[in-house]
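Q: This is query-v9.cif, which holds mmCIF, C-alpha atoms:
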data_run
loop_
_atom_site.group_PDB
_atom_site.id
_atom_site.type_symbol
_atom_site.label_atom_id
_atom_site.label_comp_id
_atom_site.auth_asym_id
_atom_site.auth_seq_id
_atom_site.Cartn_x
_atom_site.Cartn_y
_atom_site.Cartn_z
ATOM 1 C CA MET A 1 29.210 42.977 -69.026
ATOM 2 C CA ARG A 2 26.571 42.392 -66.365
ATOM 3 C CA PRO A 3 26.321 38.783 -65.146
ATOM 4 C CA VAL A 4 23.284 36.835 -66.240
ATOM 5 C CA TRP A 5 21.827 36.732 -62.728
ATOM 6 C CA PHE A 6 21.743 40.545 -62.543
ATOM 7 C CA THR A 7 19.750 40.760 -65.764
ATOM 8 C CA LEU A 8 17.306 38.130 -64.541
ATOM 9 C CA LEU A 9 16.803 39.901 -61.250
ATOM 10 C CA THR A 10 16.061 43.206 -62.955
ATOM 11 C CA LEU A 11 13.518 41.524 -65.227
ATOM 12 C CA GLY A 12 11.622 40.159 -62.215
ATOM 13 C CA LEU A 13 10.697 36.526 -62.698
ATOM 14 C CA CYS A 14 7.045 35.566 -62.245
ATOM 15 C CA VAL A 15 6.261 32.687 -59.917
ATOM 16 C CA SER A 16 3.505 30.284 -60.866
ATOM 17 C CA SER A 17 0.641 30.292 -58.372
ATOM 18 C CA ALA A 18 -0.125 26.621 -59.004
ATOM 19 C CA PRO A 19 3.066 24.542 -59.194
ATOM 20 C CA ALA A 20 2.688 20.958 -60.356
ATOM 21 C CA GLY A 21 4.457 19.704 -57.249
ATOM 22 C CA PRO A 22 7.517 20.409 -55.130
ATOM 23 C CA VAL A 23 10.926 19.762 -56.679
ATOM 24 C CA TYR A 24 14.289 19.381 -54.954
ATOM 25 C CA LEU A 25 17.080 20.308 -57.386
ATOM 26 C CA ALA A 26 20.636 19.146 -56.619
ATOM 27 C CA LEU A 27 23.644 20.537 -58.486
ATOM 28 C CA GLY A 28 27.355 19.883 -58.103
ATOM 29 C CA ASP A 29 30.087 17.280 -58.375
ATOM 30 C CA SER A 30 30.604 13.687 -57.212
ATOM 31 C CA SER A 31 29.774 14.564 -53.608
ATOM 32 C CA ALA A 32 26.457 16.024 -54.730
ATOM 33 C CA PHE A 33 25.887 12.959 -56.922
ATOM 34 C CA GLY A 34 26.429 10.665 -53.913
ATOM 35 C CA GLU A 35 29.386 8.876 -55.485
ATOM 36 C CA THR A 36 31.078 6.243 -53.353
ATOM 37 C CA ASN A 37 33.369 3.736 -55.105
ATOM 38 C CA ARG A 38 31.655 3.700 -58.519
ATOM 39 C CA THR A 39 29.943 0.367 -57.773
ATOM 40 C CA GLN A 40 26.456 1.864 -57.412
ATOM 41 C CA ASN A 41 26.177 3.403 -60.876
ATOM 42 C CA PRO A 42 24.273 4.329 -62.952
ATOM 43 C CA SER A 43 22.035 6.354 -60.672
ATOM 44 C CA ASN A 44 19.520 9.173 -60.757
ATOM 45 C CA GLY A 45 21.287 10.757 -57.772
ATOM 46 C CA ASP A 46 18.511 10.119 -55.245
ATOM 47 C CA ARG A 47 21.103 8.837 -52.794
ATOM 48 C CA GLY A 48 24.022 10.165 -50.749
ATOM 49 C CA TYR A 49 22.915 13.149 -48.668
ATOM 50 C CA VAL A 50 20.204 13.964 -51.211
ATOM 51 C CA LYS A 51 17.980 11.028 -50.243
ATOM 52 C CA PRO A 52 17.692 11.685 -46.478
ATOM 53 C CA PHE A 53 17.246 15.388 -47.131
ATOM 54 C CA ALA A 54 14.449 14.686 -49.623
ATOM 55 C CA ASP A 55 12.842 12.371 -47.058
ATOM 56 C CA TYR A 56 12.997 15.157 -44.476
ATOM 57 C CA LEU A 57 11.544 17.672 -46.936
ATOM 58 C CA GLY A 58 8.633 15.289 -47.434
ATOM 59 C CA THR A 59 7.760 15.671 -43.772
ATOM 60 C CA GLN A 60 7.754 19.450 -44.219
ATOM 61 C CA PHE A 61 5.867 19.638 -47.518
ATOM 62 C CA GLY A 62 3.349 16.883 -46.824
ATOM 63 C CA THR A 63 4.669 14.982 -49.851
ATOM 64 C CA ARG A 64 8.182 13.941 -50.816
ATOM 65 C CA PRO A 65 9.551 16.300 -53.466
ATOM 66 C CA THR A 66 10.579 15.090 -56.883
ATOM 67 C CA VAL A 67 14.372 14.801 -56.828
ATOM 68 C CA MET A 68 16.190 16.208 -59.849
ATOM 69 C CA ASN A 69 19.919 15.644 -59.391
ATOM 70 C CA PHE A 70 22.064 16.903 -62.274
ATOM 71 C CA ALA A 71 25.425 16.579 -60.462
ATOM 72 C CA ILE A 72 28.362 15.070 -62.353
ATOM 73 C CA ASN A 73 31.577 13.447 -61.139
ATOM 74 C CA GLY A 74 34.574 15.682 -61.761
ATOM 75 C CA GLU A 75 32.573 18.886 -62.174
ATOM 76 C CA THR A 76 34.288 22.208 -61.476
ATOM 77 C CA THR A 77 32.732 25.636 -61.106
ATOM 78 C CA GLY A 78 33.821 26.368 -64.671
ATOM 79 C CA SER A 79 32.740 23.104 -66.283
ATOM 80 C CA TYR A 80 29.291 23.591 -64.736
ATOM 81 C CA PHE A 81 28.762 26.329 -67.326
ATOM 82 C CA ALA A 82 30.940 25.029 -70.169
ATOM 83 C CA GLY A 83 30.774 21.241 -69.941
ATOM 84 C CA SER A 84 34.466 20.944 -70.787
ATOM 85 C CA GLY A 85 37.136 21.062 -68.101
ATOM 86 C CA ARG A 86 35.925 18.307 -65.768
ATOM 87 C CA VAL A 87 38.665 16.500 -63.856
ATOM 88 C CA SER A 88 37.138 13.104 -64.683
ATOM 89 C CA SER A 89 35.404 12.116 -67.890
ATOM 90 C CA ASP A 90 33.084 9.281 -66.855
ATOM 91 C CA GLY A 91 30.658 11.126 -64.612
ATOM 92 C CA GLN A 92 28.039 12.207 -67.120
ATOM 93 C CA GLY A 93 27.485 8.619 -68.213
ATOM 94 C CA PHE A 94 26.723 7.595 -64.633
ATOM 95 C CA ASN A 95 23.885 10.072 -64.098
ATOM 96 C CA THR A 96 20.674 8.806 -65.698
ATOM 97 C CA SER A 97 19.396 12.392 -65.873
ATOM 98 C CA TYR A 98 21.583 12.681 -68.976
ATOM 99 C CA ASN A 99 20.200 9.583 -70.726
ATOM 100 C CA GLY A 100 19.501 10.270 -74.378
ATOM 101 C CA ILE A 101 21.894 13.214 -74.537
ATOM 102 C CA LEU A 102 24.521 12.290 -77.093
ATOM 103 C CA THR A 103 26.815 15.258 -76.455
ATOM 104 C CA ASN A 104 29.505 14.543 -73.882
ATOM 105 C CA PRO A 105 30.418 16.742 -72.159
ATOM 106 C CA TYR A 106 27.000 18.350 -71.874
ATOM 107 C CA PRO A 107 26.941 21.380 -69.549
ATOM 108 C CA GLN A 108 25.187 20.789 -66.246
ATOM 109 C CA TYR A 109 24.020 24.396 -66.472
ATOM 110 C CA GLN A 110 22.311 23.642 -69.776
ATOM 111 C CA ARG A 111 20.700 20.532 -68.284
ATOM 112 C CA MET A 112 19.256 22.723 -65.550
ATOM 113 C CA LEU A 113 17.934 25.136 -68.182
ATOM 114 C CA ASP A 114 16.408 22.251 -70.142
ATOM 115 C CA SER A 115 14.124 21.491 -67.209
ATOM 116 C CA PHE A 116 13.766 24.835 -65.445
ATOM 117 C CA GLY A 117 14.595 27.495 -67.984
ATOM 118 C CA ASN A 118 11.160 29.119 -67.857
ATOM 119 C CA PRO A 119 9.479 30.698 -64.840
ATOM 120 C CA ALA A 120 6.523 28.286 -64.803
ATOM 121 C CA ALA A 121 8.779 25.248 -64.436
ATOM 122 C CA ALA A 122 11.176 27.056 -62.098
ATOM 123 C CA ALA A 123 8.309 27.842 -59.714
ATOM 124 C CA ASP A 124 8.071 24.155 -58.824
ATOM 125 C CA VAL A 125 11.600 24.135 -57.377
ATOM 126 C CA ARG A 126 11.268 24.584 -53.640
ATOM 127 C CA VAL A 127 14.786 23.607 -52.534
ATOM 128 C CA LEU A 128 18.247 23.557 -54.108
ATOM 129 C CA THR A 129 21.541 22.154 -52.881
ATOM 130 C CA VAL A 130 24.763 23.328 -54.518
ATOM 131 C CA GLN A 131 28.236 21.846 -54.013
ATOM 132 C CA PHE A 132 31.173 22.935 -56.169
ATOM 133 C CA GLY A 133 34.851 23.761 -55.745
ATOM 134 C CA ALA A 134 36.889 20.746 -54.676
ATOM 135 C CA ASN A 135 37.691 19.761 -58.239
ATOM 136 C CA ASN A 136 39.011 23.247 -59.003
ATOM 137 C CA LEU A 137 41.694 22.621 -56.419
ATOM 138 C CA GLU A 138 42.226 19.073 -57.635
ATOM 139 C CA ALA A 139 42.977 20.467 -61.090
ATOM 140 C CA VAL A 140 45.732 22.593 -59.549
ATOM 141 C CA ALA A 141 47.151 19.765 -57.440
ATOM 142 C CA SER A 142 47.239 17.500 -60.514
ATOM 143 C CA THR A 143 49.255 19.975 -62.546
ATOM 144 C CA PRO A 144 52.480 18.252 -63.673
ATOM 145 C CA GLY A 145 55.327 19.311 -61.432
ATOM 146 C CA PHE A 146 53.090 21.070 -58.920
ATOM 147 C CA LEU A 147 54.687 19.442 -55.878
ATOM 148 C CA GLY A 148 58.138 20.429 -57.109
ATOM 149 C CA LEU A 149 57.332 24.118 -57.397
ATOM 150 C CA PRO A 150 58.585 26.625 -54.810
ATOM 151 C CA PRO A 151 56.028 27.196 -52.032
ATOM 152 C CA ALA A 152 55.308 30.743 -53.184
ATOM 153 C CA GLN A 153 54.317 29.540 -56.655
ATOM 154 C CA GLN A 154 52.197 26.756 -55.236
ATOM 155 C CA GLN A 155 50.408 29.201 -52.955
ATOM 156 C CA ALA A 156 49.816 31.536 -55.863
ATOM 157 C CA LEU A 157 48.229 28.746 -57.919
ATOM 158 C CA VAL A 158 45.996 27.691 -55.033
ATOM 159 C CA ALA A 159 45.023 31.303 -54.355
ATOM 160 C CA ALA A 160 44.161 31.794 -58.021
ATOM 161 C CA ALA A 161 41.990 28.673 -57.973
ATOM 162 C CA LEU A 162 40.162 29.879 -54.874
ATOM 163 C CA ALA A 163 39.634 33.268 -56.491
ATOM 164 C CA GLN A 164 38.128 31.558 -59.528
ATOM 165 C CA VAL A 165 35.859 29.451 -57.309
ATOM 166 C CA GLN A 166 34.728 32.620 -55.573
ATOM 167 C CA ALA A 167 33.957 34.402 -58.846
ATOM 168 C CA ASP A 168 32.169 31.404 -60.352
ATOM 169 C CA LEU A 169 30.121 30.735 -57.217
ATOM 170 C CA ILE A 170 28.953 34.333 -57.238
ATOM 171 C CA ASN A 171 27.644 33.772 -60.760
ATOM 172 C CA ILE A 172 26.201 30.332 -59.939
ATOM 173 C CA LEU A 173 24.337 31.424 -56.820
ATOM 174 C CA GLY A 174 23.305 34.695 -58.392
ATOM 175 C CA ASP A 175 21.853 32.950 -61.416
ATOM 176 C CA LEU A 176 20.056 30.383 -59.273
ATOM 177 C CA ARG A 177 18.596 32.994 -56.947
ATOM 178 C CA ALA A 178 17.316 34.935 -59.964
ATOM 179 C CA ARG A 179 15.723 31.857 -61.517
ATOM 180 C CA PHE A 180 14.354 30.465 -58.246
ATOM 181 C CA PRO A 181 13.552 33.588 -56.213
ATOM 182 C CA THR A 182 11.528 31.844 -53.502
ATOM 183 C CA ALA A 183 13.456 28.560 -53.210
ATOM 184 C CA ASP A 184 15.637 27.636 -50.253
ATOM 185 C CA ILE A 185 19.270 27.360 -51.382
ATOM 186 C CA TYR A 186 21.898 25.411 -49.438
ATOM 187 C CA ALA A 187 25.594 25.653 -50.373
ATOM 188 C CA LEU A 188 27.617 22.734 -49.047
ATOM 189 C CA GLY A 189 31.270 22.800 -48.085
ATOM 190 C CA TYR A 190 33.626 19.813 -48.118
ATOM 191 C CA HIS A 191 35.187 17.200 -45.883
ATOM 192 C CA ASN A 192 38.924 16.467 -45.858
ATOM 193 C CA PRO A 193 39.364 12.701 -46.379
ATOM 194 C CA TYR A 194 43.110 12.831 -45.699
ATOM 195 C CA ASN A 195 42.443 13.486 -42.030
ATOM 196 C CA GLY A 196 41.489 9.805 -41.951
ATOM 197 C CA ASP A 197 45.016 8.454 -42.514
ATOM 198 C CA PRO A 198 48.128 10.261 -41.226
ATOM 199 C CA SER A 199 50.312 7.946 -43.328
ATOM 200 C CA HIS A 200 49.091 9.407 -46.600
ATOM 201 C CA PRO A 201 51.542 11.902 -48.151
ATOM 202 C CA PHE A 202 48.788 14.511 -48.466
ATOM 203 C CA TYR A 203 47.801 14.279 -44.801
ATOM 204 C CA PRO A 204 49.755 17.355 -43.606
ATOM 205 C CA LEU A 205 48.880 19.363 -46.720
ATOM 206 C CA ALA A 206 45.173 19.048 -47.403
ATOM 207 C CA ASP A 207 43.565 20.952 -44.551
ATOM 208 C CA PRO A 208 44.719 24.456 -45.578
ATOM 209 C CA ALA A 209 43.194 24.112 -49.040
ATOM 210 C CA VAL A 210 39.963 22.455 -47.891
ATOM 211 C CA LEU A 211 39.423 24.949 -45.081
ATOM 212 C CA GLY A 212 40.217 27.809 -47.450
ATOM 213 C CA LEU A 213 37.710 26.471 -49.963
ATOM 214 C CA ASN A 214 35.067 26.137 -47.268
ATOM 215 C CA GLN A 215 35.719 29.719 -46.209
ATOM 216 C CA VAL A 216 35.085 30.857 -49.790
ATOM 217 C CA ILE A 217 31.826 28.881 -50.019
ATOM 218 C CA ALA A 218 30.632 30.199 -46.660
ATOM 219 C CA GLY A 219 31.556 33.741 -47.636
ATOM 220 C CA VAL A 220 29.711 33.685 -50.947
ATOM 221 C CA SER A 221 26.704 32.054 -49.282
ATOM 222 C CA SER A 222 26.544 34.921 -46.806
ATOM 223 C CA ILE A 223 26.023 37.563 -49.511
ATOM 224 C CA PRO A 224 22.555 38.912 -48.634
ATOM 225 C CA GLN A 225 21.259 39.017 -52.206
ATOM 226 C CA PHE A 226 21.726 35.266 -52.559
ATOM 227 C CA ASN A 227 19.959 34.364 -49.303
ATOM 228 C CA ALA A 228 21.717 30.984 -49.203
ATOM 229 C CA LYS A 229 22.628 28.873 -46.194
ATOM 230 C CA TYR A 230 26.095 27.372 -45.790
ATOM 231 C CA VAL A 231 26.281 23.721 -44.714
ATOM 232 C CA ASP A 232 29.335 22.726 -42.663
ATOM 233 C CA VAL A 233 30.243 19.344 -44.163
ATOM 234 C CA TYR A 234 33.732 19.443 -42.652
ATOM 235 C CA GLY A 235 32.300 19.636 -39.152
ATOM 236 C CA ALA A 236 29.856 16.819 -39.878
ATOM 237 C CA ILE A 237 32.688 14.414 -40.778
ATOM 238 C CA ASN A 238 35.656 15.529 -38.679
ATOM 239 C CA PRO A 239 37.219 13.770 -36.774
ATOM 240 C CA LYS A 240 35.702 10.538 -38.112
ATOM 241 C CA GLU A 241 37.168 10.616 -41.620
ATOM 242 C CA ALA A 242 38.706 7.154 -41.209
ATOM 243 C CA SER A 243 35.305 5.521 -40.728
ATOM 244 C CA LEU A 244 33.142 7.810 -42.867
ATOM 245 C CA THR A 245 35.200 7.750 -46.097
ATOM 246 C CA PHE A 246 36.990 5.146 -48.217
ATOM 247 C CA MET A 247 40.356 6.446 -47.000
ATOM 248 C CA THR A 248 41.564 2.972 -45.981
ATOM 249 C CA THR A 249 41.476 1.908 -49.650
ATOM 250 C CA TRP A 250 43.803 4.625 -50.967
ATOM 251 C CA GLN A 251 46.594 2.188 -51.840
ATOM 252 C CA THR A 252 44.307 -0.050 -53.913
ATOM 253 C CA ASP A 253 41.816 2.477 -55.258
ATOM 254 C CA PRO A 254 43.580 5.731 -56.203
ATOM 255 C CA VAL A 255 40.373 7.318 -57.539
ATOM 256 C CA ASN A 256 37.502 6.774 -55.118
ATOM 257 C CA TYR A 257 39.131 6.677 -51.690
ATOM 258 C CA VAL A 258 38.383 10.359 -51.115
ATOM 259 C CA HIS A 259 34.621 9.863 -51.306
ATOM 260 C CA LEU A 260 32.273 9.485 -48.390
ATOM 261 C CA ASN A 261 30.780 6.067 -47.704
ATOM 262 C CA ASP A 262 27.104 5.525 -46.979
ATOM 263 C CA ALA A 263 27.555 6.349 -43.291
ATOM 264 C CA GLY A 264 29.412 9.525 -44.223
ATOM 265 C CA TYR A 265 26.622 10.667 -46.500
ATOM 266 C CA ARG A 266 24.110 10.007 -43.730
ATOM 267 C CA ALA A 267 26.155 12.266 -41.452
ATOM 268 C CA VAL A 268 26.138 15.021 -44.086
ATOM 269 C CA GLY A 269 22.420 14.479 -44.625
ATOM 270 C CA ASP A 270 21.878 14.958 -40.902
ATOM 271 C CA ARG A 271 23.895 18.179 -40.962
ATOM 272 C CA LEU A 272 21.916 19.407 -43.957
ATOM 273 C CA ILE A 273 18.639 18.649 -42.177
ATOM 274 C CA GLN A 274 19.900 20.450 -39.064
ATOM 275 C CA THR A 275 20.887 23.488 -41.130
ATOM 276 C CA ALA A 276 17.395 23.507 -42.627
ATOM 277 C CA GLY A 277 15.897 23.734 -39.166
ATOM 278 C CA GLY A 278 15.466 20.068 -38.355
ATOM 279 C CA PRO A 279 16.383 18.405 -35.048
ATOM 280 C CA ALA A 280 19.412 19.852 -33.260
ATOM 281 C CA ALA A 281 19.700 22.699 -35.749
ATOM 282 C CA VAL A 282 23.193 24.113 -36.211
ATOM 283 C CA PRO A 283 23.350 27.930 -36.166
ATOM 284 C CA GLU A 284 24.342 29.587 -39.415
ATOM 285 C CA PRO A 285 27.791 31.226 -39.500
ATOM 286 C CA ALA A 286 26.249 34.697 -39.477
ATOM 287 C CA SER A 287 29.589 36.337 -38.782
ATOM 288 C CA VAL A 288 31.176 34.956 -41.941
ATOM 289 C CA VAL A 289 31.902 37.601 -44.570
ATOM 290 C CA LEU A 290 33.058 37.367 -48.156
ATOM 291 C CA VAL A 291 36.746 36.479 -47.969
ATOM 292 C CA ALA A 292 39.413 38.221 -50.007
ATOM 293 C CA VAL A 293 41.989 36.004 -51.672
ATOM 294 C CA GLY A 294 44.757 37.574 -49.607
ATOM 295 C CA GLY A 295 42.982 36.430 -46.476
ATOM 296 C CA LEU A 296 42.800 32.881 -47.810
ATOM 297 C CA VAL A 297 46.529 32.841 -48.468
ATOM 298 C CA ALA A 298 47.134 34.114 -44.956
ATOM 299 C CA LEU A 299 44.906 31.361 -43.583
ATOM 300 C CA ALA A 300 46.836 28.718 -45.507
ATOM 301 C CA VAL A 301 50.163 30.077 -44.250
ATOM 302 C CA ARG A 302 48.980 30.061 -40.637
ATOM 303 C CA LEU A 303 47.714 26.501 -40.916
ATOM 304 C CA ARG A 304 50.885 25.315 -42.617
ATOM 305 C CA ARG A 305 52.978 26.645 -39.772
ATOM 306 C CA GLY A 306 51.236 24.129 -37.557
ATOM 307 C CA ARG A 307 51.501 21.271 -40.057
ATOM 308 C CA GLY A 308 54.948 21.660 -41.606
ATOM 309 C CA THR A 309 56.479 23.565 -44.499
ATOM 310 C CA SER A 310 54.928 21.713 -47.422
ATOM 311 C CA PRO A 311 52.479 23.626 -49.608
ATOM 312 C CA PRO A 312 48.716 23.063 -49.400
ATOM 313 C CA VAL A 313 47.352 20.271 -51.571
ATOM 314 C CA THR A 314 43.648 19.730 -51.933
ATOM 315 C CA ALA A 315 41.635 16.576 -51.567
ATOM 316 C CA VAL A 316 40.167 15.034 -54.700
ATOM 317 C CA VAL A 317 36.395 14.847 -54.414
ATOM 318 C CA GLY A 318 35.534 14.271 -58.052
#
Step by step, read the file and then write its structure as structure tokens.

A:
Amino acid sequence: MRPVWFTLLTLGLCVSSAPAGPVYLALGDSSAFGETNRTQNPSNGDRGYVKPFADYLGTQFGTRPTVMNFAINGETTGSYFAGSGRVSSDGQGFNTSYNGILTNPYPQYQRMLDSFGNPAAAADVRVLTVQFGANNLEAVASTPGFLGLPPAQQQALVAAALAQVQADLINILGDLRARFPTADIYALGYHNPYNGDPSHPFYPLADPAVLGLNQVIAGVSSIPQFNAKYVDVYGAINPKEASLTFMTTWQTDPVNYVHLNDAGYRAVGDRLIQTAGGPAAVPEPASVVLVAVGGLVALAVRLRRGRGTSPPVTAVVG
């Protein structure tokens, strides 16, 4: 069966010649929603890295775009389409974009279609940011008994999760490019909060999975048909994870410590602006190619040799 984005591309979407006004559409998980420690909810998502990027876009468009942020805490690449399968269940209730929707879970994909499912409405969307994948790995790391499995089985589970992220991101970006053929699309990678505290048990384990995930996101973004730009979130935060996340609260807050704080989101916003061509622009990783799963496993093995023999465990960013 052909993916939905292929069908849309072959149909050739028409772009309205008179959009009502520029729209910035944000999709993703808790990082895209700008979640910190769940004390600033509910929210419409015009915060985190979305707010400074929207402010910057206003200087480019002559007017600040309307922000439509449909991101949900705990979202995975699969639950984006299905609604079910999120790694946390409270996120939809925090996002005021879902007010009045009684179904929970309600697919983020369907919410996007509700607003931009026809070409006339889609033509207003000038910019999209997309951030998915960390919660796919969190689902694996949270599997009962995962840490007790032999390393080969753990690596196989992580590799399978990365393969699923890759496949789903191809469908996500393909569908978005078909629906928004002239919009700028930015695909964001992830930070590794565990770099902020060497005493945490996950400290020696998280980097292989996070770097592998980022390699997948960068690789899919580089597919020419999608014309998306990869945003290096890891590089924007490293090596300041201790001051740019809630990592110091991990013993008292086992849920939110992985999130960026306000200063961390500002740093990601700056990197996003730079990637878009703002001050001190960061070159795109033009040499990045779509990564095979075997290459990701090899990357994880190489990194683990420098960190110890424990299997890779991902950071929770849900």

Q: Take the PyMOL selection byres ((chain A and resi 51) around 12), run it mentally on this structure, and tell me the resulting residues as a ChimeraX atom specification.

A: /A:24-26,32-34,44-50,52-58,64-69,129,262,265-266,268-270,272-273

Q: Let me see the file: selected residues, C-alpha atoms, as a PDB file, in the frame of the given file.

A:
ATOM      1  CA  TYR A  24      14.289  19.381 -54.954  1.00  0.00           C
ATOM      2  CA  LEU A  25      17.080  20.308 -57.386  1.00  0.00           C
ATOM      3  CA  ALA A  26      20.636  19.146 -56.619  1.00  0.00           C
ATOM      4  CA  ALA A  32      26.457  16.024 -54.730  1.00  0.00           C
ATOM      5  CA  PHE A  33      25.887  12.959 -56.922  1.00  0.00           C
ATOM      6  CA  GLY A  34      26.429  10.665 -53.913  1.00  0.00           C
ATOM      7  CA  ASN A  44      19.520   9.173 -60.757  1.00  0.00           C
ATOM      8  CA  GLY A  45      21.287  10.757 -57.772  1.00  0.00           C
ATOM      9  CA  ASP A  46      18.511  10.119 -55.245  1.00  0.00           C
ATOM     10  CA  ARG A  47      21.103   8.837 -52.794  1.00  0.00           C
ATOM     11  CA  GLY A  48      24.022  10.165 -50.749  1.00  0.00           C
ATOM     12  CA  TYR A  49      22.915  13.149 -48.668  1.00  0.00           C
ATOM     13  CA  VAL A  50      20.204  13.964 -51.211  1.00  0.00           C
ATOM     14  CA  PRO A  52      17.692  11.685 -46.478  1.00  0.00           C
ATOM     15  CA  PHE A  53      17.246  15.388 -47.131  1.00  0.00           C
ATOM     16  CA  ALA A  54      14.449  14.686 -49.623  1.00  0.00           C
ATOM     17  CA  ASP A  55      12.842  12.371 -47.058  1.00  0.00           C
ATOM     18  CA  TYR A  56      12.997  15.157 -44.476  1.00  0.00           C
ATOM     19  CA  LEU A  57      11.544  17.672 -46.936  1.00  0.00           C
ATOM     20  CA  GLY A  58       8.633  15.289 -47.434  1.00  0.00           C
ATOM     21  CA  ARG A  64       8.182  13.941 -50.816  1.00  0.00           C
ATOM     22  CA  PRO A  65       9.551  16.300 -53.466  1.00  0.00           C
ATOM     23  CA  THR A  66      10.579  15.090 -56.883  1.00  0.00           C
ATOM     24  CA  VAL A  67      14.372  14.801 -56.828  1.00  0.00           C
ATOM     25  CA  MET A  68      16.190  16.208 -59.849  1.00  0.00           C
ATOM     26  CA  ASN A  69      19.919  15.644 -59.391  1.00  0.00           C
ATOM     27  CA  THR A 129      21.541  22.154 -52.881  1.00  0.00           C
ATOM     28  CA  ASP A 262      27.104   5.525 -46.979  1.00  0.00           C
ATOM     29  CA  TYR A 265      26.622  10.667 -46.500  1.00  0.00           C
ATOM     30  CA  ARG A 266      24.110  10.007 -43.730  1.00  0.00           C
ATOM     31  CA  VAL A 268      26.138  15.021 -44.086  1.00  0.00           C
ATOM     32  CA  GLY A 269      22.420  14.479 -44.625  1.00  0.00           C
ATOM     33  CA  ASP A 270      21.878  14.958 -40.902  1.00  0.00           C
ATOM     34  CA  LEU A 272      21.916  19.407 -43.957  1.00  0.00           C
ATOM     35  CA  ILE A 273      18.639  18.649 -42.177  1.00  0.00           C
TER      36      ILE A 273
END

Q: Quick one: pull the distance between CA of Tyr186 (chain A) and CA of Val130 (chain A), Å, one decimal.

A: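 Computing it gives 6.2 Å between the two atoms.
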
Q: Identify all residues satisfying the PyMOL selection byres ((chain A and resi 222-234) around 6) in the given file; provide them as a PDB file with C-alpha atoms, keeping the file's coordinate frame.

A:
ATOM      1  CA  ARG A 177      18.596  32.994 -56.947  1.00  0.00           C
ATOM      2  CA  ILE A 185      19.270  27.360 -51.382  1.00  0.00           C
ATOM      3  CA  TYR A 186      21.898  25.411 -49.438  1.00  0.00           C
ATOM      4  CA  ALA A 187      25.594  25.653 -50.373  1.00  0.00           C
ATOM      5  CA  LEU A 188      27.617  22.734 -49.047  1.00  0.00           C
ATOM      6  CA  GLY A 189      31.270  22.800 -48.085  1.00  0.00           C
ATOM      7  CA  TYR A 190      33.626  19.813 -48.118  1.00  0.00           C
ATOM      8  CA  HIS A 191      35.187  17.200 -45.883  1.00  0.00           C
ATOM      9  CA  ALA A 218      30.632  30.199 -46.660  1.00  0.00           C
ATOM     10  CA  GLY A 219      31.556  33.741 -47.636  1.00  0.00           C
ATOM     11  CA  VAL A 220      29.711  33.685 -50.947  1.00  0.00           C
ATOM     12  CA  SER A 221      26.704  32.054 -49.282  1.00  0.00           C
ATOM     13  CA  GLY A 235      32.300  19.636 -39.152  1.00  0.00           C
ATOM     14  CA  ALA A 236      29.856  16.819 -39.878  1.00  0.00           C
ATOM     15  CA  ILE A 237      32.688  14.414 -40.778  1.00  0.00           C
ATOM     16  CA  ASN A 238      35.656  15.529 -38.679  1.00  0.00           C
ATOM     17  CA  VAL A 268      26.138  15.021 -44.086  1.00  0.00           C
TER      18      VAL A 268
END

Q: Which is closest to Ala82 (chain A) among A:Phe61, A:Tyr109, A:Trp250, A:Phe116, if we use all atoms listed in the file?

A: A:Tyr109

Q: List the neighbours of Phe246 (chain A) out to 7 Å using all atoms listed in the file; skip same-chain residues closer than 4 positions along the sequence, and give me the result as a list in words.

A: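 Here the answer would be Tyr257, Val258, His259, Leu260 and Asn261 of chain A.
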
Q: Take the residues just selected and output them with C-alpha atoms as a PDB file, in the frame of the given file.

A:
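Once everything was written out, this is result02.pdb:
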ATOM      1  CA  TYR A 257      39.131   6.677 -51.690  1.00  0.00           C
ATOM      2  CA  VAL A 258      38.383  10.359 -51.115  1.00  0.00           C
ATOM      3  CA  HIS A 259      34.621   9.863 -51.306  1.00  0.00           C
ATOM      4  CA  LEU A 260      32.273   9.485 -48.390  1.00  0.00           C
ATOM      5  CA  ASN A 261      30.780   6.067 -47.704  1.00  0.00           C
TER       6      ASN A 261
END

Q: Just checking: using all atoms listed in the file, which residue out of A:Thr245, A:Ser115, A:Ser199, A:Leu213 ends up closest to Ala159 (chain A)?

A: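 Of A:Thr245, A:Ser115, A:Ser199, A:Leu213, the one nearest Ala159 (chain A), counting all atoms listed in the file, is A:Leu213.
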
Q: With all atoms listed in the file as the atoms that count, which of A:Lys240, A:Arg111, A:Arg86, A:Arg179 lies nearest to Asn135 (chain A)?

A: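 Smallest separation from Asn135 (chain A) among the options: A:Arg86.
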
Q: Would you work out the distance separating CA of Glu241 (chain A) from CA of Phe202 (chain A), expressed in Å to one decimal?

A: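 One can read the CA of Glu241 (chain A) to CA of Phe202 (chain A) distance as 14.0 Å.
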
Q: Compare A:Ala152, A:Gln166, A:Arg271, A:Leu128 by their minimum atom-to-atom distance to Val23 (chain A), counting only C-alpha atoms, and give me the closest one.

A: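 Among A:Ala152, A:Gln166, A:Arg271, A:Leu128, it is A:Leu128 that comes nearest to Val23 (chain A).
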
Q: State, in Å with one decimal place, the distance from CA of Phe94 (chain A) to CA of Glu138 (chain A).

A: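 Calculated distance between CA of Phe94 (chain A) and CA of Glu138 (chain A) is 20.5 Å.
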
Q: Please determine, counting all atoms listed in the file, which residue among A:Thr76, A:Gln40, A:Ala156, A:Val125 has the shortest atom-to-atom distance to Phe180 (chain A).

A: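 For Phe180 (chain A), the nearest of the candidates is A:Val125.
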
Q: Taking all atoms listed in the file into account, name the residue in A:Val165, A:Leu149, A:Ile101, A:Ala121 that is nearest to Asn136 (chain A).

A: A:Val165

Q: Neighbourhood query: residues within 9 Å of (19.8, 30.1, -62.4), file coordinates, counting only C-alpha atoms; return as a list in words.

A: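 Counting only C-alpha atoms, I find these residues within 9 Å of (19.8, 30.1, -62.4): Val4, Trp5, Leu8, Tyr109, Met112, Leu113, Phe116, Gly117, Asn171, Ile172, Leu173, Gly174, Asp175, Leu176, Arg177, Ala178, Arg179 and Phe180 of chain A.
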